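Student: The structure file model_24.cif (mmCIF, C-alpha atoms) is provided below.
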data_structure
#
loop_
_atom_site.label_atom_id
_atom_site.label_comp_id
_atom_site.auth_asym_id
_atom_site.auth_seq_id
_atom_site.Cartn_x
_atom_site.Cartn_y
_atom_site.Cartn_z
CA MET A 26 4.00 -17.97 -36.71
CA SER A 27 4.71 -21.65 -36.17
CA GLU A 28 2.01 -24.32 -36.33
CA GLU A 29 2.81 -25.24 -32.72
CA VAL A 30 1.89 -21.75 -31.52
CA HIS A 31 -1.38 -21.78 -33.49
CA LYS A 32 -2.22 -25.18 -32.05
CA ILE A 33 -1.72 -24.20 -28.41
CA TYR A 34 -3.94 -21.13 -28.81
CA GLU A 35 -6.65 -23.26 -30.42
CA GLN A 36 -6.41 -25.65 -27.49
CA MET A 37 -7.00 -22.65 -25.23
CA GLY A 38 -10.21 -21.90 -27.13
CA ILE A 39 -9.03 -19.13 -29.44
CA ARG A 40 -9.90 -19.68 -33.08
CA LYS A 41 -7.30 -19.30 -35.81
CA GLU A 42 -9.03 -16.25 -37.31
CA VAL A 43 -8.95 -14.49 -33.93
CA PHE A 44 -5.29 -15.34 -33.45
CA ASP A 45 -4.43 -14.20 -36.98
CA PHE A 46 -6.28 -10.91 -36.45
CA GLY A 47 -4.24 -10.32 -33.28
CA ASP A 48 -1.04 -11.32 -35.06
CA ARG A 49 -1.69 -8.74 -37.78
CA ILE A 50 -2.18 -6.02 -35.15
CA LEU A 51 0.94 -7.14 -33.34
CA GLY A 52 3.03 -6.74 -36.49
CA GLY A 53 2.66 -2.96 -36.27
CA LEU A 54 3.75 -2.64 -32.65
CA THR A 55 7.44 -3.54 -32.86
CA GLU A 56 8.71 0.02 -32.38
CA ARG A 57 6.27 0.75 -29.53
CA PHE A 58 7.39 -2.39 -27.73
CA ARG A 59 11.05 -1.46 -28.19
CA LYS A 60 10.49 1.89 -26.48
CA ILE A 61 8.70 0.19 -23.59
CA ASP A 62 11.70 -2.10 -23.13
CA GLU A 63 14.03 0.92 -23.05
CA ILE A 64 12.01 2.50 -20.23
CA ALA A 65 11.94 -0.81 -18.37
CA GLU A 66 15.72 -1.04 -18.62
CA VAL A 67 16.19 2.42 -17.11
CA CYS A 68 13.74 1.64 -14.31
CA GLN A 69 15.39 -1.71 -13.65
CA MET A 70 18.76 -0.05 -13.21
CA LYS A 71 17.15 2.54 -10.93
CA VAL A 72 15.77 -0.18 -8.65
CA LEU A 73 19.01 -2.18 -8.72
CA SER A 74 21.04 0.91 -7.87
CA ALA A 75 18.73 1.73 -4.94
CA MET A 76 19.08 -1.79 -3.56
CA GLN A 77 22.86 -1.67 -3.82
CA LYS A 78 23.07 1.82 -2.34
CA ASN A 79 21.05 0.75 0.70
CA ARG A 80 23.03 -2.46 1.16
CA VAL A 81 20.21 -4.97 0.85
CA ASN A 82 21.41 -8.23 2.37
CA GLU A 83 20.14 -11.65 3.37
CA GLN A 84 19.22 -10.47 6.85
CA CYS A 85 16.62 -8.20 5.26
CA PHE A 86 14.52 -11.26 4.43
CA GLU A 87 14.12 -12.33 8.07
CA THR A 88 10.75 -11.86 9.73
CA SER A 89 9.60 -10.03 12.83
CA THR A 90 6.59 -10.46 15.08
CA GLY A 91 4.80 -8.59 17.81
CA TYR A 92 5.79 -4.94 17.92
CA GLY A 93 8.27 -5.43 15.10
CA TYR A 94 11.02 -3.40 16.77
CA ASN A 95 14.38 -3.35 14.97
CA ASP A 96 13.04 -4.93 11.78
CA LEU A 97 16.10 -4.38 9.57
CA GLY A 98 14.39 -5.54 6.36
CA ARG A 99 11.45 -3.21 6.85
CA GLU A 100 13.74 -0.24 7.50
CA ILE A 101 15.99 -0.94 4.51
CA LEU A 102 13.00 -1.57 2.24
CA GLU A 103 11.68 1.90 3.10
CA SER A 104 15.09 3.38 2.39
CA VAL A 105 15.12 1.61 -0.98
CA TYR A 106 11.71 3.05 -1.87
CA ALA A 107 12.88 6.53 -0.87
CA SER A 108 15.91 6.12 -3.15
CA VAL A 109 13.88 4.80 -6.10
CA PHE A 110 11.48 7.73 -5.85
CA HIS A 111 14.20 10.29 -5.02
CA ALA A 112 12.26 11.16 -1.87
CA GLU A 113 13.29 12.09 1.67
CA ASP A 114 11.42 9.24 3.35
CA ALA A 115 9.07 6.33 2.75
CA LEU A 116 6.46 4.28 4.58
CA VAL A 117 6.07 0.80 3.04
CA ARG A 118 3.91 -1.56 5.04
CA ALA A 119 1.92 -4.75 4.55
CA GLN A 120 -0.50 -3.33 7.15
CA ILE A 121 -1.68 -0.83 4.52
CA THR A 122 -4.42 -2.94 2.99
CA CYS A 123 -4.89 -1.32 -0.44
CA GLY A 124 -4.46 1.83 -2.48
CA THR A 125 -7.57 3.44 -1.01
CA HIS A 126 -6.25 2.78 2.49
CA ALA A 127 -2.89 4.34 1.61
CA LEU A 128 -4.61 7.43 0.19
CA ALA A 129 -6.97 7.71 3.17
CA LEU A 130 -3.99 7.43 5.47
CA ALA A 131 -2.08 10.21 3.72
CA LEU A 132 -5.10 12.50 3.56
CA SER A 133 -6.20 12.05 7.16
CA ALA A 134 -2.65 12.25 8.55
CA ASN A 135 -1.90 15.57 6.88
CA THR A 136 -5.13 17.48 7.36
CA ARG A 137 -6.84 18.85 10.45
CA PRO A 138 -10.35 20.17 11.21
CA GLY A 139 -10.93 23.36 9.24
CA ASP A 140 -8.55 22.37 6.43
CA GLU A 141 -9.69 21.90 2.85
CA ILE A 142 -8.64 19.34 0.24
CA LEU A 143 -8.64 20.37 -3.42
CA SER A 144 -8.77 18.06 -6.42
CA PRO A 145 -7.72 20.05 -9.52
CA VAL A 146 -8.36 17.11 -11.87
CA GLY A 147 -12.05 16.44 -11.28
CA LYS A 148 -13.79 13.71 -9.34
CA PRO A 149 -11.54 11.19 -7.61
CA TYR A 150 -11.85 7.41 -7.86
CA ASP A 151 -15.15 6.06 -6.51
CA THR A 152 -13.74 4.50 -3.33
CA LEU A 153 -12.26 7.86 -2.25
CA GLU A 154 -15.67 9.51 -2.19
CA GLY A 155 -16.50 7.87 1.12
CA VAL A 156 -13.07 8.71 2.52
CA ILE A 157 -13.46 12.39 1.70
CA GLY A 158 -17.16 12.54 2.51
CA ILE A 159 -18.47 13.33 -0.96
CA GLN A 160 -20.65 10.29 -0.29
CA PRO A 161 -21.73 9.90 3.36
CA ALA A 162 -19.58 7.34 5.16
CA LYS A 163 -18.78 6.67 8.78
CA GLY A 164 -15.44 8.16 9.77
CA SER A 165 -15.10 10.30 6.64
CA LEU A 166 -12.89 13.37 6.64
CA ALA A 167 -16.03 15.48 6.38
CA GLU A 168 -17.10 14.18 9.81
CA TYR A 169 -13.85 15.61 11.19
CA GLY A 170 -14.42 19.04 9.69
CA VAL A 171 -12.18 18.66 6.63
CA THR A 172 -13.88 20.10 3.56
CA TYR A 173 -13.41 19.27 -0.11
CA ARG A 174 -13.46 21.21 -3.34
CA GLN A 175 -12.79 20.13 -6.92
CA VAL A 176 -12.08 21.76 -10.26
CA ASP A 177 -13.01 19.68 -13.26
CA LEU A 178 -10.76 19.28 -16.26
CA LEU A 179 -11.75 21.22 -19.36
CA ALA A 180 -13.57 19.45 -22.18
CA ASP A 181 -10.28 18.74 -23.99
CA GLY A 182 -8.67 17.28 -20.86
CA ALA A 183 -6.61 20.39 -20.10
CA PHE A 184 -6.27 21.84 -16.60
CA ASP A 185 -8.65 24.67 -15.76
CA TYR A 186 -5.90 26.94 -14.45
CA GLU A 187 -8.18 29.89 -13.79
CA GLY A 188 -10.64 27.66 -11.95
CA ILE A 189 -7.80 26.22 -9.87
CA ARG A 190 -6.50 29.68 -9.03
CA ALA A 191 -9.97 30.72 -7.87
CA ALA A 192 -10.44 27.54 -5.81
CA ILE A 193 -7.23 27.84 -3.77
CA ASN A 194 -7.87 29.75 -0.56
CA GLU A 195 -6.49 30.20 2.96
CA ARG A 196 -7.99 26.86 4.03
CA THR A 197 -6.48 24.82 1.19
CA LYS A 198 -4.10 22.47 3.00
CA LEU A 199 -3.64 19.62 0.53
CA VAL A 200 -4.05 19.19 -3.22
CA GLU A 201 -4.86 15.64 -4.32
CA ILE A 202 -3.85 14.83 -7.91
CA GLN A 203 -5.07 11.53 -9.32
CA ARG A 204 -2.67 10.43 -12.02
CA SER A 205 -4.72 7.63 -13.54
CA LYS A 206 -8.21 7.85 -15.00
CA GLY A 207 -10.19 5.72 -12.54
CA TYR A 208 -13.66 4.90 -13.88
CA GLN A 209 -13.50 7.80 -16.32
CA THR A 210 -12.45 8.01 -19.94
CA ARG A 211 -10.20 11.03 -19.46
CA PRO A 212 -6.51 10.87 -20.35
CA THR A 213 -4.08 9.76 -17.67
CA LEU A 214 -1.66 12.47 -16.56
CA SER A 215 1.98 12.26 -17.54
CA VAL A 216 4.66 13.02 -14.97
CA ALA A 217 5.56 16.14 -16.95
CA ARG A 218 1.97 17.44 -16.81
CA ILE A 219 1.79 16.70 -13.10
CA GLY A 220 4.99 18.72 -12.65
CA GLU A 221 3.49 21.67 -14.53
CA LEU A 222 0.36 21.56 -12.39
CA ILE A 223 2.34 21.37 -9.15
CA ALA A 224 4.54 24.30 -10.19
CA PHE A 225 1.43 26.38 -10.94
CA ILE A 226 -0.15 25.53 -7.58
CA LYS A 227 3.05 26.21 -5.63
CA GLN A 228 3.30 29.68 -7.21
CA ILE A 229 -0.11 30.48 -5.76
CA LYS A 230 0.39 28.83 -2.36
CA PRO A 231 3.92 27.53 -1.71
CA ASP A 232 3.11 25.76 1.56
CA VAL A 233 0.25 23.63 0.20
CA ILE A 234 0.90 19.86 0.24
CA CYS A 235 0.77 18.40 -3.27
CA MET A 236 -0.08 14.70 -3.06
CA VAL A 237 -0.23 12.40 -6.10
CA ASP A 238 -2.28 9.22 -6.29
CA ASN A 239 0.29 7.23 -8.26
CA CYS A 240 -1.70 4.00 -8.56
CA TYR A 241 -1.10 2.18 -11.88
CA GLY A 242 1.63 4.65 -12.89
CA GLU A 243 4.84 3.40 -11.27
CA PHE A 244 7.66 2.53 -13.73
CA VAL A 245 5.57 3.46 -16.77
CA GLU A 246 7.93 6.41 -17.26
CA THR A 247 11.53 6.84 -16.15
CA MET A 248 10.47 9.58 -13.71
CA GLU A 249 7.96 9.57 -10.86
CA PRO A 250 5.88 12.47 -9.47
CA THR A 251 8.36 13.04 -6.65
CA ASP A 252 10.91 13.95 -9.33
CA VAL A 253 8.75 16.92 -10.38
CA GLY A 254 7.79 18.45 -7.05
CA ALA A 255 5.18 16.15 -5.45
CA ASP A 256 5.37 16.37 -1.66
CA LEU A 257 3.75 12.95 -1.29
CA CYS A 258 3.30 10.06 -3.70
CA VAL A 259 1.00 7.18 -2.78
CA GLY A 260 0.32 3.74 -4.22
CA SER A 261 -0.54 0.08 -3.70
CA LEU A 262 1.85 -2.87 -3.57
CA ILE A 263 -0.67 -5.15 -5.30
CA LYS A 264 -0.38 -2.88 -8.30
CA ASN A 265 2.81 -1.97 -10.20
CA PRO A 266 5.56 -1.77 -7.54
CA GLY A 267 4.75 -5.13 -5.96
CA GLY A 268 5.68 -6.89 -9.18
CA GLY A 269 2.99 -9.53 -8.61
CA LEU A 270 4.80 -10.94 -5.56
CA ALA A 271 3.62 -8.56 -2.83
CA PRO A 272 0.67 -10.27 -1.05
CA SER A 273 -0.64 -6.97 0.31
CA GLY A 274 0.50 -3.49 1.28
CA GLY A 275 0.89 0.09 0.23
CA TYR A 276 3.53 2.80 0.11
CA ILE A 277 3.80 6.52 0.80
CA VAL A 278 6.95 8.40 -0.24
CA GLY A 279 7.85 12.06 -0.09
CA LYS A 280 8.84 14.83 2.32
CA LYS A 281 9.95 13.45 5.67
CA GLU A 282 7.57 15.51 7.80
CA TYR A 283 4.51 14.38 5.83
CA VAL A 284 5.58 10.72 5.74
CA GLU A 285 6.11 10.82 9.51
CA GLN A 286 2.58 12.12 9.97
CA CYS A 287 1.36 9.09 8.01
CA ALA A 288 3.37 6.73 10.19
CA TYR A 289 1.86 8.21 13.36
CA ARG A 290 -1.63 7.81 11.92
CA LEU A 291 -0.96 4.24 10.78
CA SER A 292 0.28 3.08 14.20
CA ALA A 293 -0.16 5.62 17.03
CA PRO A 294 1.15 9.04 18.06
CA GLY A 295 4.59 8.56 19.57
CA LEU A 296 5.14 5.16 17.90
CA GLY A 297 5.22 5.94 14.18
CA LYS A 298 7.57 3.90 12.03
CA GLU A 299 9.17 2.08 14.98
CA VAL A 300 6.44 -0.57 15.15
CA GLY A 301 4.81 -2.86 12.62
CA ALA A 302 5.93 -6.48 12.26
CA SER A 303 6.77 -7.71 8.76
CA PHE A 304 5.29 -11.20 9.23
CA ASN A 305 7.62 -12.86 6.75
CA VAL A 306 6.75 -10.72 3.72
CA ASN A 307 9.99 -8.74 3.38
CA ARG A 308 11.51 -11.09 0.81
CA SER A 309 8.40 -10.86 -1.38
CA LEU A 310 8.32 -7.06 -1.16
CA PHE A 311 11.98 -6.74 -2.10
CA GLN A 312 11.80 -9.28 -4.92
CA GLY A 313 8.51 -7.88 -6.22
CA LEU A 314 10.01 -4.39 -6.42
CA PHE A 315 13.05 -5.80 -8.23
CA LEU A 316 10.84 -7.49 -10.85
CA ALA A 317 8.36 -4.61 -11.12
CA PRO A 318 9.91 -2.76 -14.10
CA THR A 319 9.80 -5.91 -16.25
CA VAL A 320 6.29 -6.83 -15.09
CA VAL A 321 5.03 -3.31 -15.80
CA ALA A 322 6.59 -3.47 -19.28
CA GLY A 323 4.59 -6.63 -20.04
CA ALA A 324 1.39 -4.98 -18.78
CA LEU A 325 2.06 -1.92 -20.97
CA LYS A 326 2.50 -4.09 -24.05
CA GLY A 327 -0.81 -5.74 -23.26
CA ALA A 328 -2.52 -2.35 -22.87
CA ILE A 329 -1.25 -1.11 -26.24
CA PHE A 330 -2.21 -4.39 -27.90
CA ALA A 331 -5.72 -4.10 -26.43
CA ALA A 332 -6.03 -0.51 -27.62
CA ARG A 333 -5.12 -1.40 -31.19
CA ILE A 334 -7.34 -4.51 -31.25
CA PHE A 335 -10.46 -2.73 -30.07
CA GLU A 336 -10.06 0.51 -31.97
CA GLU A 337 -9.62 -1.62 -35.10
CA LEU A 338 -13.01 -3.11 -34.23
CA GLY A 339 -14.53 0.38 -34.04
CA PHE A 340 -14.65 0.92 -30.27
CA PHE A 341 -13.62 4.14 -28.53
CA VAL A 342 -10.46 3.54 -26.52
CA VAL A 343 -8.49 5.73 -24.09
CA PRO A 344 -5.67 6.14 -24.75
CA ASP A 345 -5.71 5.21 -28.40
CA GLY A 346 -3.11 2.90 -29.86
CA THR A 347 -0.78 5.70 -30.98
CA LYS A 348 -0.66 7.72 -27.74
CA GLU A 349 2.15 7.65 -25.20
CA ARG A 350 1.34 5.58 -22.11
CA TYR A 351 1.26 7.02 -18.60
CA ASP A 352 -0.39 4.13 -16.76
CA ILE A 353 -1.16 0.47 -17.37
CA ILE A 354 -4.95 0.89 -17.68
CA GLN A 355 -6.71 0.60 -21.01
CA ALA A 356 -10.26 1.91 -21.16
CA VAL A 357 -12.54 0.53 -23.87
CA THR A 358 -16.04 1.95 -24.29
CA LEU A 359 -18.17 -1.00 -25.38
CA GLY A 360 -21.53 0.76 -25.37
CA LYS A 361 -23.72 -1.98 -23.92
CA PRO A 362 -23.74 -4.09 -20.76
CA GLU A 363 -23.66 -7.47 -22.51
CA ALA A 364 -20.39 -6.46 -24.20
CA VAL A 365 -18.84 -5.57 -20.83
CA LEU A 366 -19.95 -8.92 -19.41
CA ALA A 367 -18.53 -10.84 -22.37
CA PHE A 368 -15.20 -9.00 -22.23
CA CYS A 369 -14.74 -9.64 -18.50
CA ARG A 370 -15.76 -13.27 -18.78
CA GLY A 371 -13.17 -13.76 -21.48
CA ILE A 372 -10.47 -12.26 -19.25
CA GLN A 373 -11.55 -14.57 -16.41
CA ALA A 374 -11.41 -17.59 -18.73
CA ALA A 375 -7.76 -16.76 -19.51
CA ALA A 376 -6.75 -16.62 -15.83
CA PRO A 377 -4.40 -19.11 -14.14
CA VAL A 378 -6.63 -19.09 -11.04
CA ASP A 379 -10.42 -19.57 -11.05
CA SER A 380 -10.55 -19.70 -14.85
CA TYR A 381 -13.73 -21.79 -14.63
CA VAL A 382 -15.59 -19.09 -12.64
CA VAL A 383 -18.11 -16.84 -14.38
CA PRO A 384 -17.87 -13.28 -12.98
CA GLU A 385 -21.14 -11.50 -12.23
CA PRO A 386 -21.82 -7.83 -11.45
CA TRP A 387 -22.45 -7.02 -7.80
CA ALA A 388 -22.80 -4.07 -5.44
CA MET A 389 -19.19 -3.69 -4.33
CA PRO A 390 -18.58 -1.44 -1.29
CA GLY A 391 -17.62 2.10 -2.26
CA TYR A 392 -18.99 2.08 -5.81
CA HIS A 393 -22.00 3.88 -7.31
CA SER A 394 -23.41 0.97 -9.29
CA ASP A 395 -22.96 -2.75 -9.71
CA VAL A 396 -19.43 -3.57 -10.83
CA ILE A 397 -18.13 -6.63 -12.65
CA MET A 398 -14.58 -7.70 -11.95
CA ALA A 399 -12.56 -10.38 -13.70
CA ALA A 400 -9.44 -11.27 -11.74
CA GLY A 401 -8.21 -14.82 -11.57
CA ALA A 402 -5.22 -13.71 -9.54
CA PHE A 403 -2.70 -15.31 -7.21
CA PHE A 404 -3.43 -12.47 -4.76
CA GLN A 405 -6.99 -11.26 -4.30
CA GLY A 406 -7.58 -7.90 -5.99
CA SER A 407 -4.08 -7.71 -7.47
CA SER A 408 -4.47 -5.47 -10.51
CA ILE A 409 -0.92 -5.84 -11.75
CA GLU A 410 -2.14 -9.34 -12.57
CA LEU A 411 -4.39 -9.82 -15.60
CA SER A 412 -7.71 -8.23 -14.72
CA ALA A 413 -10.62 -6.22 -16.08
CA ASP A 414 -13.50 -4.45 -14.44
CA GLY A 415 -16.14 -1.85 -15.04
CA PRO A 416 -19.34 -0.38 -13.62
CA LEU A 417 -22.58 -1.47 -15.24
CA GLU A 418 -23.59 2.05 -16.18
CA GLU A 419 -23.29 4.39 -19.15
CA PRO A 420 -21.15 4.55 -21.21
CA TYR A 421 -20.50 0.86 -20.45
CA ALA A 422 -16.73 1.08 -20.50
CA VAL A 423 -14.41 -1.69 -19.38
CA TYR A 424 -11.00 -1.10 -17.82
CA PHE A 425 -8.31 -3.65 -18.65
CA GLN A 426 -4.97 -3.80 -16.89
CA GLY A 427 -2.12 -6.03 -15.83
CA GLY A 428 -0.60 -9.30 -16.87
CA LEU A 429 2.47 -10.60 -15.06
CA THR A 430 3.90 -11.46 -18.46
CA TRP A 431 3.25 -10.02 -21.91
CA TYR A 432 2.20 -13.45 -23.17
CA HIS A 433 -0.49 -13.75 -20.52
CA ALA A 434 -1.79 -10.26 -21.32
CA LYS A 435 -1.90 -11.24 -24.99
CA VAL A 436 -3.93 -14.42 -24.47
CA GLY A 437 -6.29 -12.54 -22.13
CA ILE A 438 -7.06 -9.91 -24.76
CA LEU A 439 -7.62 -12.51 -27.47
CA MET A 440 -9.87 -14.50 -25.13
CA ALA A 441 -11.91 -11.38 -24.34
CA LEU A 442 -12.37 -10.85 -28.08
CA GLU A 443 -13.29 -14.51 -28.54
CA TYR A 444 -16.03 -14.25 -25.91
CA MET A 445 -17.39 -11.05 -27.47
CA LEU A 446 -17.58 -12.77 -30.85
CA ARG A 447 -19.41 -15.71 -29.31
CA GLU A 448 -21.97 -13.34 -27.75
CA HIS A 449 -22.35 -11.51 -31.09
CA VAL A 450 -21.49 -8.11 -29.59
CA THR A 451 -18.74 -7.49 -32.13
CA GLN A 452 -17.37 -8.99 -35.32
CA LEU A 453 -14.01 -9.22 -37.01
CA PRO A 454 -13.38 -6.68 -39.80
#
With the file now loaded, output its structure as structure tokens.
Tutor:
Amino acid sequence: MSEEVHKIYEQMGIRKEVFDFGDRILGGLTERFRKIDEIAEVCQMKVLSAMQKNRVNEQCFETSTGYGYNDLGREILESVYASVFHAEDALVRAQITCGTHALALALSANTRPGDEILSPVGKPYDTLEGVIGIQPAKGSLAEYGVTYRQVDLLADGAFDYEGIRAAINERTKLVEIQRSKGYQTRPTLSVARIGELIAFIKQIKPDVICMVDNCYGEFVETMEPTDVGADLCVGSLIKNPGGGLAPSGGYIVGKKEYVEQCAYRLSAPGLGKEVGASFNVNRSLFQGLFLAPTVVAGALKGAIFAARIFEELGFFVVPDGTKERYDIIQAVTLGKPEAVLAFCRGIQAAAPVDSYVVPEPWAMPGYHSDVIMAAGAFFQGSSIELSADGPLEEPYAVYFQGGLTWYHAKVGILMALEYMLREHVTQLP
């Protein structure tokens, strides 16, 4: 490594011994990084092909206001998403505020009083608990007579097929499958495993709606859940598919009848997809999607680098540095709150925005305990950008994700390690 590179990292506050430790870890990741680039290339061609097929043109970047009737860019963007995901239809809107909103929209649009939702992969992400009614919340699905049942994964992370079979009943309307781990240290589900689970469920009840929470998983593999039987696939534009350029929004892709239900719930019965002004964001949504495969590849490299760094230091990481990746999140169990604080403060110090801010835990809406979040992002809450967060509760795990470029992910990880060394919560081997 050149002296110039060492010097710039030292100017950033990363000591030579920290940089050299990272450089040694990096030397063993060449083959892993090559495979990530191969997947990114396939996904890039998939997106490019979808844009060409749907005749994206300069008019698509124009804005609309008011009702948003005849918004050509919005309509073509949704056709592009449907093509990328090999789905019948898509709803892609800036009016969908976040991933939780997109999931709540899909769940509420496709269930009715007396229906039951089943999670066959254990507890969903914290913010969905209020949506479903696991935790009391105004306007929850439970208030509208929609019930919920879950089957936990087995101790080894396998599906409890017999438990799932027993849980499916005449009221089971929708099965919600969370691909990523959330604030748990379970393995993320591969697209292949999701396909196996859906096939099993459809054998028992063919008409059940299988919906996948795809947050953090887009473009990590060459296939998406809609390629293996998912009726609906839901995600956030300020995560993977927005490519760091989408200022807000969410997407829902899948079977036309279920996507239409979502559109009617988002706007109003009888209006559906016909309304919803784009407010000058179409260009960003198109360009973000185009860049997304490359951005996701950089985030994946950062996740693998983080896994190898921290398992070398003796921490429990999920997935470990040798495992295949199925999302961009890297969980690191640090064991004590001061280690979580140091890690997140290091990530914040490496940010391009608000790098001087010191993140503190606070009682965020929808979470069980105080949560610390480090996210010096261009768009608030954008977790395809370099970020880390975690609840201040046992087992004191931190969840690292994002990085619009591999180099930014790299410096963030080294800075997190630097801060942990300064706080004496770890030491170099």
Student: Measuring between all atoms listed in the file, which one of A:Met445, A:Ile397, A:Val365, A:Val436 shows the shortest distance to Ile39 in chain A?
Tutor: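 Comparing A:Met445, A:Ile397, A:Val365, A:Val436 against Ile39 in chain A, the winner is A:Val436.
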Student: So the first atom is CA of Glu299 in chain A and the second is CA of Leu262 in chain A; what is the distance between them in Å, to one decimal place?
Tutor: 20.5 Å
Student: By how many Å are CA of Ile329 in chain A and CA of Gly346 in chain A apart?
Tutor: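 Atom-to-atom, CA of Ile329 in chain A to CA of Gly346 in chain A, that is 5.7 Å.
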Student: Do you know which residues are at most 6 Å from range 75-81 of chain A counting all atoms listed in the file, after dropping those on the same chain fewer than 5 positions away, and could you put them as JSON, numbers by chain?
Tutor: {"A": [105, 108, 109]}
Student: Export C-alpha atoms of the chosen residues as a PDB file, in the frame of the given file?
Tutor:
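Written out: result03.pdb:
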ATOM      1  CA  VAL A 105      15.120   1.610  -0.980  1.00  0.00           C
ATOM      2  CA  SER A 108      15.910   6.120  -3.150  1.00  0.00           C
ATOM      3  CA  VAL A 109      13.880   4.800  -6.100  1.00  0.00           C
TER       4      VAL A 109
END
Student: Please identify all polymer residues within 8 Å of range 413-421 of chain A, counting only C-alpha atoms, omitting same-chain residues fewer than 3 positions from it, and present them as JSON, numbers by chain.
Tutor: {"A": [208, 358, 359, 360, 361, 362, 365, 369, 372, 386, 394, 395, 396, 397, 398, 399, 400, 424, 425, 426]}
Student: Ranking A:Cys235, A:Ala271, A:Ala129, A:Ile354 by minimum distance to Thr152 in chain A and counting all atoms listed in the file, which one comes first?
Tutor: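 Selected residue with least distance to Thr152 in chain A: A:Ala129.
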Student: Quick one: everything within 8 Å of Lys298 in chain A, counting all atoms listed in the file, minus sequence neighbours fewer than 6 positions away in the same chain. Send it as an mmCIF file with C-alpha atoms, in the coordinates of the input.
Tutor:
data_model
loop_
_atom_site.group_PDB
_atom_site.id
_atom_site.type_symbol
_atom_site.label_atom_id
_atom_site.label_comp_id
_atom_site.auth_asym_id
_atom_site.auth_seq_id
_atom_site.Cartn_x
_atom_site.Cartn_y
_atom_site.Cartn_z
ATOM 1 C CA LEU A 116 6.460 4.280 4.580
ATOM 2 C CA GLU A 285 6.110 10.820 9.510
ATOM 3 C CA ALA A 288 3.370 6.730 10.190
ATOM 4 C CA TYR A 289 1.860 8.210 13.360
ATOM 5 C CA SER A 292 0.280 3.080 14.200
#
Student: Enumerate, as a PyMOL selection string, the residues matched when the PyMOL selection byres ((chain A and resi 367) around 8) is run on the file above.
Tutor: chain A and resi 363-366+368-371+441+444-445+448
Student: Using CA of Leu199 in chain A and CA of Val233 in chain A as the two end points, give the distance in Å to one decimal.
Tutor: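 CA of Val233 in chain A lies 5.6 Å from CA of Leu199 in chain A.
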Student: Counting all atoms listed in the file, which of A:Thr197, A:Ser380, A:Gln36, A:Gln203 gets nearest to Tyr150 in chain A?
Tutor: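 Checking each candidate against Tyr150 in chain A, we get A:Gln203 as the closest.
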Student: Go through A:Cys85, A:Ile334, A:Val342, A:Ala131 and flag the residue nearest Leu453 in chain A, using only C-alpha atoms for the distances.
Tutor: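 Closest to Leu453 in chain A, using only C-alpha atoms: A:Ile334.
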Student: Considering all atoms listed in the file, state which residue in the set A:Val43, A:Ala183, A:Val259, A:Leu143 is at the smallest distance from Arg447 in chain A.
Tutor: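 Looking only at the distances to Arg447 in chain A, the closest residue turns out to be A:Val43.
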Student: For the file shown, report as a VMD selection string the outcome of the PyMOL selection byres ((chain A and resi 407) around 9) at residue level.
Tutor: chain A and resid 262 to 264 269 272 to 273 400 402 to 406 408 to 412 427
Student: Given the PyMOL selection byres ((chain A and resi 62) around 12) and the file above, list the residues it selects as an MDAnalysis selection string.
Tutor: chainID A and resid 55:61 63:69 244:247 318:326 431
Student: Find the residues around Thr172 in chain A up to 7 Å (only C-alpha atoms counted), leave out those fewer than 5 positions away in its own chain, and share them as a ChimeraX atom specification.
Tutor: /A:140-142,167
Student: Rank nothing, just name the residue among A:Met440, A:Leu310, A:Val450, A:Met37 nearest to Ile101 in chain A, using all atoms listed in the file.
Tutor: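 Smallest separation from Ile101 in chain A among the options: A:Leu310.
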